[in-house]
Structures are given as structure tokens and as C-alpha cells.
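**Student:** Input: one structure, supplied below.
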Amino acid sequence: MAQAPRAARPIEPVLVVIPTYNERENLTPILRRLHEALPEAHALVVDDGSPDGTGELADKLAADDKRVHVLHRTEKAGLGAAYIAGFRWGLERDYATIVEMDADGSHAPEDLPRMLAALEDADLVLGSRYVPGGAVVNWPKRREILSRGANLYSRVALGGKITEYTSGFRAYRRAVLEKLPLDEIASAGYCFQIDLAWRTLRAGFEIVEVPITFTEREIGESKMSGAIIREAMLRVGVWGTQHRLGQLRRLLRRR
């Protein structure tokens, strides 16, 4: 049977996965903004046992709004594990598109309609700060330099035409997550984003980047740490070495 034209594939219903840890003050505003931008979208709050009561607030919001769902996890096990749990929850249901979005307001839900429009001609849409039209607001210069450096490092190591491997604001078609070996993904921190983008690229899916404006959180603390940075550098270095060795072997076989 011939595959349906890409534009004919549905992108709805949409599930937005929002991991939380101590985001009580941010949760209500971000859900309100999400539903103003996408009234029909569902949200899944994946809470890692927040001691500030984020999970309890999420339960109250879900009780009042059938578009809001909550997945409770008993410990803070990392961003990657939270997203994998959210992906599995969404794949067990009939969602055609699964979105990653932070709870802290750094990702503007108002950008989602443009991202979903781009998904009609793609399999994965990355919200990028570093393509033309993208921007960062109120971010410390040190963090921006670190982020740009991480993406340059990833592009050099892994190749591909992705400007922002580390984007945590993205929309996947269901077929991508069904094909990727989620059981094999061990990246726990922000390296998870590089890992998933790299696997999606290698699997032959179409990736598109859409410019977004990233705004530094106003409430709460960033989850970035030295351990997260070290994990990303080490893992990307290993993947890049394996990738380049594979290219060399293929080149030698052609001779």
C-alpha cells in the first residue's frame, strides 16, 4: 500500500508533556497559556515527587480540566527518564503528536501553533533559538555561550544539518517515538535532547527547525548542573567517535 502524502498525515490529537520538579508557582500560568494557544491540546504533567507540592496542584488542576493529566513518579530521576515516561503514556493512547515543553515559561506556548504547522511537512520539529528569527531573552551570557558551544560541539561531532541539537522545545510525530528504541536511551540530563535528535536523524526522519524566543525563567531555579554538562560532553564525544569511525570504514570499503 502506498504511504499517504506527508501533509495528509494527522497531527491531532496533541499531547504536551511537561516534566516538573518544584514548579508549583509556574504550573498554573504555563497551562493557562498553553490552552489559550492550543485550546484542544492535552497536557501531561510528569512530576518527580516535588516537595513543594507541584504534584498535588497538578492533581487539582486535572480534576477541573479534562485536558490536564498527571503522571506521578516517586523520585527525581532526571529529565530524560521523565520524558520517556511521558512518551510511553502518550503512546499508550491515541495522540498523533507528542510535544516536549518546560514548565518554567522559558518555552512560549504561543510558538506551538507555528511548530505544529511545520510538523505537517516533517517528523520532528525543533524550536530553535539559533536559527534566523530565534532569540534568547534575559539569559546570562555565560549560559548562552555554554549552550552555543554545546551545539557547535554536537554538530562537529555528529554532523547533520541541525543547528540546535539541545532544544528542549520540540514536537514529535507518533511514528518517530514508536520507532526509536526508547528502552535503550539512558541519557538522564539535557544530553537526552541531543540523543533523541541524533537517533531521529539517523533513523531517516525529516527534521525541521522553527525559530523561537527563549526567555529565562523568572521563578525557581535552573536544573542545569556540572554533572549534566559532563554527561553531555562525554556521551556526544563517544557517539561522534563511533560515527566518524563508521564513516571511515565505509569509505575504505569503497576503495
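By convention in this document, the chains of the C-alpha cells carry letters A, B, ... by their order, each chain's residues are numbered from 1, and ligands are numbered from 1 in the order they are shown.
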With a distance cut-off of 10 Å and only C-alpha atoms, select the neighbouring residues of Leu71 (chain A), excluding the residue or stretch itself and same-chain residues fewer than 3 positions from it, and output the selection as JSON, numbers by chain.

**Tutor:** {"A": [17, 19, 44, 45, 46, 47, 48, 55, 58, 59, 82, 85, 86, 89]}

**Student:** Could you write out the selected residues, including all heavy atoms, as a short mmCIF file (atom, residue, chain, number, x, y, z; two decimals), in the first residue's frame?

**Tutor:**
```
data_model
loop_
_atom_site.label_atom_id
_atom_site.label_comp_id
_atom_site.auth_asym_id
_atom_site.auth_seq_id
_atom_site.Cartn_x
_atom_site.Cartn_y
_atom_site.Cartn_z
N VAL A 17 3.90 17.13 26.89
CA VAL A 17 4.48 16.53 28.08
C VAL A 17 5.30 17.60 28.81
O VAL A 17 6.21 18.21 28.23
CB VAL A 17 5.37 15.33 27.72
CG1 VAL A 17 5.98 14.72 28.99
CG2 VAL A 17 4.56 14.28 26.96
N PRO A 19 7.51 17.98 32.17
CA PRO A 19 8.13 17.46 33.39
C PRO A 19 8.21 18.55 34.45
O PRO A 19 8.46 19.73 34.13
CB PRO A 19 9.54 17.05 32.94
CG PRO A 19 9.51 17.08 31.45
CD PRO A 19 8.47 18.08 31.07
N LEU A 44 0.23 16.61 29.81
CA LEU A 44 0.58 15.59 30.80
C LEU A 44 1.68 16.15 31.67
O LEU A 44 2.81 16.38 31.22
CB LEU A 44 1.06 14.31 30.12
CG LEU A 44 1.59 13.23 31.07
CD1 LEU A 44 0.46 12.69 31.96
CD2 LEU A 44 2.25 12.09 30.30
N VAL A 45 1.37 16.38 32.94
CA VAL A 45 2.37 16.84 33.90
C VAL A 45 3.04 15.61 34.49
O VAL A 45 2.38 14.77 35.10
CB VAL A 45 1.71 17.68 35.02
CG1 VAL A 45 2.77 18.12 36.03
CG2 VAL A 45 0.99 18.88 34.43
N VAL A 46 4.35 15.49 34.29
CA VAL A 46 5.12 14.36 34.83
C VAL A 46 5.90 14.89 36.02
O VAL A 46 6.93 15.56 35.86
CB VAL A 46 6.06 13.76 33.77
CG1 VAL A 46 6.78 12.55 34.35
CG2 VAL A 46 5.29 13.38 32.51
N ASP A 47 5.39 14.62 37.21
CA ASP A 47 6.02 15.19 38.41
C ASP A 47 6.87 14.17 39.14
O ASP A 47 6.43 13.06 39.44
CB ASP A 47 4.94 15.73 39.36
CG ASP A 47 5.58 16.49 40.52
OD1 ASP A 47 6.17 17.55 40.28
OD2 ASP A 47 5.51 15.98 41.66
N ASP A 48 8.11 14.58 39.42
CA ASP A 48 9.08 13.69 40.08
C ASP A 48 9.08 13.87 41.60
O ASP A 48 10.12 14.09 42.22
CB ASP A 48 10.48 13.94 39.52
CG ASP A 48 10.75 13.19 38.23
OD1 ASP A 48 9.81 12.58 37.70
OD2 ASP A 48 11.89 13.21 37.75
N GLY A 55 2.98 18.36 42.45
CA GLY A 55 2.15 17.21 42.08
C GLY A 55 0.72 17.34 42.58
O GLY A 55 -0.24 17.03 41.86
N ALA A 58 -1.05 19.86 40.50
CA ALA A 58 -1.38 19.28 39.21
C ALA A 58 -2.63 18.42 39.30
O ALA A 58 -3.49 18.45 38.40
CB ALA A 58 -0.20 18.46 38.69
N ASP A 59 -2.77 17.65 40.38
CA ASP A 59 -3.96 16.83 40.57
C ASP A 59 -5.22 17.70 40.65
O ASP A 59 -6.27 17.35 40.08
CB ASP A 59 -3.83 16.00 41.84
CG ASP A 59 -2.89 14.82 41.69
OD1 ASP A 59 -2.70 14.35 40.54
OD2 ASP A 59 -2.33 14.38 42.70
N ALA A 82 11.97 11.26 32.81
CA ALA A 82 10.63 11.83 32.90
C ALA A 82 9.98 11.91 31.53
O ALA A 82 8.80 11.58 31.37
CB ALA A 82 10.71 13.23 33.54
N ALA A 85 8.94 8.42 30.29
CA ALA A 85 7.69 8.01 30.94
C ALA A 85 6.50 8.72 30.30
O ALA A 85 5.45 8.10 30.07
CB ALA A 85 7.76 8.32 32.43
N GLY A 86 6.66 10.01 29.99
CA GLY A 86 5.58 10.75 29.34
C GLY A 86 5.30 10.25 27.94
O GLY A 86 4.14 10.15 27.52
N TRP A 89 3.35 7.02 28.14
CA TRP A 89 1.96 7.31 28.49
C TRP A 89 1.19 7.76 27.26
O TRP A 89 0.07 7.31 27.01
CB TRP A 89 1.94 8.38 29.58
CG TRP A 89 0.62 8.63 30.23
CD1 TRP A 89 0.16 8.09 31.40
CD2 TRP A 89 -0.44 9.49 29.76
NE1 TRP A 89 -1.10 8.56 31.69
CE2 TRP A 89 -1.50 9.43 30.69
CE3 TRP A 89 -0.59 10.31 28.64
CZ2 TRP A 89 -2.68 10.14 30.54
CZ3 TRP A 89 -1.76 11.03 28.49
CH2 TRP A 89 -2.79 10.94 29.43
#
```

**Student:** Within 12 Å of Thr200 (chain A), counting only C-alpha atoms, which residues qualify if same-chain residues fewer than 2 places away don't, as an MDAnalysis selection string?

**Tutor:** chainID A and resid 122:126 160 162 165 172:173 175:182 193:198 202:208

**Student:** Using the selection just defined, write its residues with N, CA, C and O atoms as a tab-separated table (two decimals), in the first residue's frame.

**Tutor:**
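That gives us again_11.tsv:
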```tsv
chain	number	residue	atom	x	y	z
A	122	ALA	N	7.05	17.51	8.23
A	122	ALA	CA	8.22	16.96	8.93
A	122	ALA	C	7.77	15.86	9.88
A	122	ALA	O	6.57	15.60	10.04
A	123	ASP	N	8.77	15.23	10.50
A	123	ASP	CA	8.51	14.21	11.51
A	123	ASP	C	8.86	14.68	12.90
A	123	ASP	O	8.30	14.22	13.89
A	124	LEU	N	9.82	15.60	12.97
A	124	LEU	CA	10.23	16.21	14.23
A	124	LEU	C	10.47	17.69	13.98
A	124	LEU	O	11.19	18.05	13.04
A	125	VAL	N	9.87	18.53	14.81
A	125	VAL	CA	10.11	19.97	14.72
A	125	VAL	C	10.83	20.41	15.98
A	125	VAL	O	10.38	20.14	17.11
A	126	LEU	N	11.96	21.08	15.81
A	126	LEU	CA	12.73	21.62	16.92
A	126	LEU	C	12.48	23.12	17.02
A	126	LEU	O	12.62	23.84	16.02
A	160	GLY	N	25.21	16.25	10.47
A	160	GLY	CA	23.79	16.55	10.32
A	160	GLY	C	23.56	18.03	10.19
A	160	GLY	O	24.41	18.86	10.53
A	162	ILE	N	21.48	20.02	11.79
A	162	ILE	CA	20.71	20.51	12.92
A	162	ILE	C	21.49	21.65	13.58
A	162	ILE	O	22.65	21.49	13.94
A	165	TYR	N	20.85	21.06	18.51
A	165	TYR	CA	20.63	19.70	19.00
A	165	TYR	C	20.01	19.71	20.40
A	165	TYR	O	19.30	18.77	20.77
A	172	TYR	N	7.12	15.83	18.21
A	172	TYR	CA	7.35	14.57	17.51
A	172	TYR	C	6.05	14.03	16.92
A	172	TYR	O	5.01	14.04	17.60
A	173	ARG	N	6.14	13.53	15.71
A	173	ARG	CA	5.06	12.68	15.23
A	173	ARG	C	5.14	11.35	15.99
A	173	ARG	O	6.21	10.87	16.35
A	175	ALA	N	4.92	8.38	14.98
A	175	ALA	CA	5.71	7.34	14.32
A	175	ALA	C	7.18	7.38	14.72
A	175	ALA	O	7.84	6.34	14.76
A	176	VAL	N	7.70	8.56	15.02
A	176	VAL	CA	9.10	8.68	15.41
A	176	VAL	C	9.33	7.96	16.74
A	176	VAL	O	10.23	7.13	16.88
A	177	LEU	N	8.51	8.27	17.72
A	177	LEU	CA	8.69	7.68	19.05
A	177	LEU	C	8.37	6.19	19.05
A	177	LEU	O	8.92	5.44	19.85
A	178	GLU	N	7.50	5.76	18.15
A	178	GLU	CA	7.22	4.33	18.04
A	178	GLU	C	8.42	3.57	17.48
A	178	GLU	O	8.65	2.41	17.84
A	179	LYS	N	9.19	4.22	16.63
A	179	LYS	CA	10.33	3.55	16.00
A	179	LYS	C	11.59	3.60	16.85
A	179	LYS	O	12.40	2.65	16.83
A	180	LEU	N	11.80	4.68	17.58
A	180	LEU	CA	13.02	4.81	18.35
A	180	LEU	C	13.05	3.80	19.50
A	180	LEU	O	12.02	3.52	20.12
A	181	PRO	N	14.24	3.24	19.81
A	181	PRO	CA	14.36	2.25	20.89
A	181	PRO	C	14.38	2.93	22.26
A	181	PRO	O	15.45	3.12	22.86
A	182	LEU	N	13.24	3.31	22.75
A	182	LEU	CA	13.17	4.07	24.00
A	182	LEU	C	13.81	3.32	25.17
A	182	LEU	O	14.34	3.95	26.10
A	193	GLN	N	18.24	15.38	25.03
A	193	GLN	CA	17.75	16.07	23.84
A	193	GLN	C	18.65	15.81	22.64
A	193	GLN	O	18.17	15.59	21.52
A	194	ILE	N	19.96	15.83	22.85
A	194	ILE	CA	20.90	15.54	21.78
A	194	ILE	C	20.72	14.10	21.32
A	194	ILE	O	20.68	13.81	20.11
A	195	ASP	N	20.60	13.20	22.27
A	195	ASP	CA	20.44	11.77	21.99
A	195	ASP	C	19.22	11.52	21.10
A	195	ASP	O	19.31	10.85	20.06
A	196	LEU	N	18.07	12.08	21.46
A	196	LEU	CA	16.85	11.85	20.69
A	196	LEU	C	16.92	12.47	19.30
A	196	LEU	O	16.47	11.86	18.31
A	197	ALA	N	17.47	13.67	19.19
A	197	ALA	CA	17.59	14.31	17.88
A	197	ALA	C	18.52	13.50	16.98
A	197	ALA	O	18.24	13.30	15.79
A	198	TRP	N	19.62	13.02	17.53
A	198	TRP	CA	20.60	12.23	16.78
A	198	TRP	C	19.98	10.92	16.31
A	198	TRP	O	20.14	10.51	15.15
A	202	ARG	N	19.33	9.75	12.43
A	202	ARG	CA	19.90	8.50	11.90
A	202	ARG	C	18.83	7.54	11.42
A	202	ARG	O	19.08	6.71	10.54
A	203	ALA	N	17.63	7.63	11.98
A	203	ALA	CA	16.53	6.75	11.56
A	203	ALA	C	15.90	7.19	10.25
A	203	ALA	O	15.02	6.51	9.72
A	204	GLY	N	16.36	8.33	9.71
A	204	GLY	CA	15.88	8.77	8.40
A	204	GLY	C	14.66	9.66	8.43
A	204	GLY	O	14.06	9.92	7.38
A	205	PHE	N	14.29	10.15	9.60
A	205	PHE	CA	13.12	11.02	9.68
A	205	PHE	C	13.49	12.46	9.29
A	205	PHE	O	14.64	12.88	9.40
A	206	GLU	N	12.48	13.19	8.86
A	206	GLU	CA	12.67	14.59	8.45
A	206	GLU	C	12.58	15.51	9.66
A	206	GLU	O	11.61	15.47	10.42
A	207	ILE	N	13.62	16.33	9.85
A	207	ILE	CA	13.68	17.26	10.98
A	207	ILE	C	13.67	18.69	10.45
A	207	ILE	O	14.41	19.02	9.54
A	208	VAL	N	12.83	19.51	11.05
A	208	VAL	CA	12.73	20.93	10.68
A	208	VAL	C	12.92	21.76	11.95
A	208	VAL	O	12.46	21.38	13.03
```

**Student:** Using 12 Å as the limit and counting only C-alpha atoms, can you tabulate each residue of region 11-109 of chain A that touches region 135-141 of chain A, with its shortest atom-to-atom distance in Å and the two atoms involved, as JSON lines?

**Tutor:**
```
{"residue": "A:Gly105", "atom": "CA", "partner": "A:Val137", "partner_atom": "CA", "distance": 11.7}
{"residue": "A:Ser106", "atom": "CA", "partner": "A:Val137", "partner_atom": "CA", "distance": 9.1}
{"residue": "A:His107", "atom": "CA", "partner": "A:Val136", "partner_atom": "CA", "distance": 10.5}
{"residue": "A:Ala108", "atom": "CA", "partner": "A:Val136", "partner_atom": "CA", "distance": 11.6}
```

**Student:** What does the distance from CA of Arg142 (chain A) to CA of Thr215 (chain A) come to in Å, to one decimal?

**Tutor:** 14.9 Å

**Student:** For Ile18 (chain A), which of A:Ala118, A:Ala62, A:Val70, A:Leu201 is the closest residue, counting only C-alpha atoms?

**Tutor:**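 Checking each of A:Ala118, A:Ala62, A:Val70, A:Leu201 against Ile18 (chain A), counting only C-alpha atoms, the winner is A:Val70.
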
**Student:** Measuring between only C-alpha atoms, which one of A:Asp104, A:Arg73, A:Pro13, A:Tyr95 shows the shortest distance to Pro29 (chain A)?

**Tutor:**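 Checking each of A:Asp104, A:Arg73, A:Pro13, A:Tyr95 against Pro29 (chain A), counting only C-alpha atoms, the winner is A:Asp104.
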
**Student:** Which residues, written as a PyMOL selection string, have at least one atom at most 8 Å from Thr28 (chain A), with only C-alpha atoms counted and residues fewer than 4 positions away on the same chain left out?

**Tutor:** chain A and resi 24+32+61
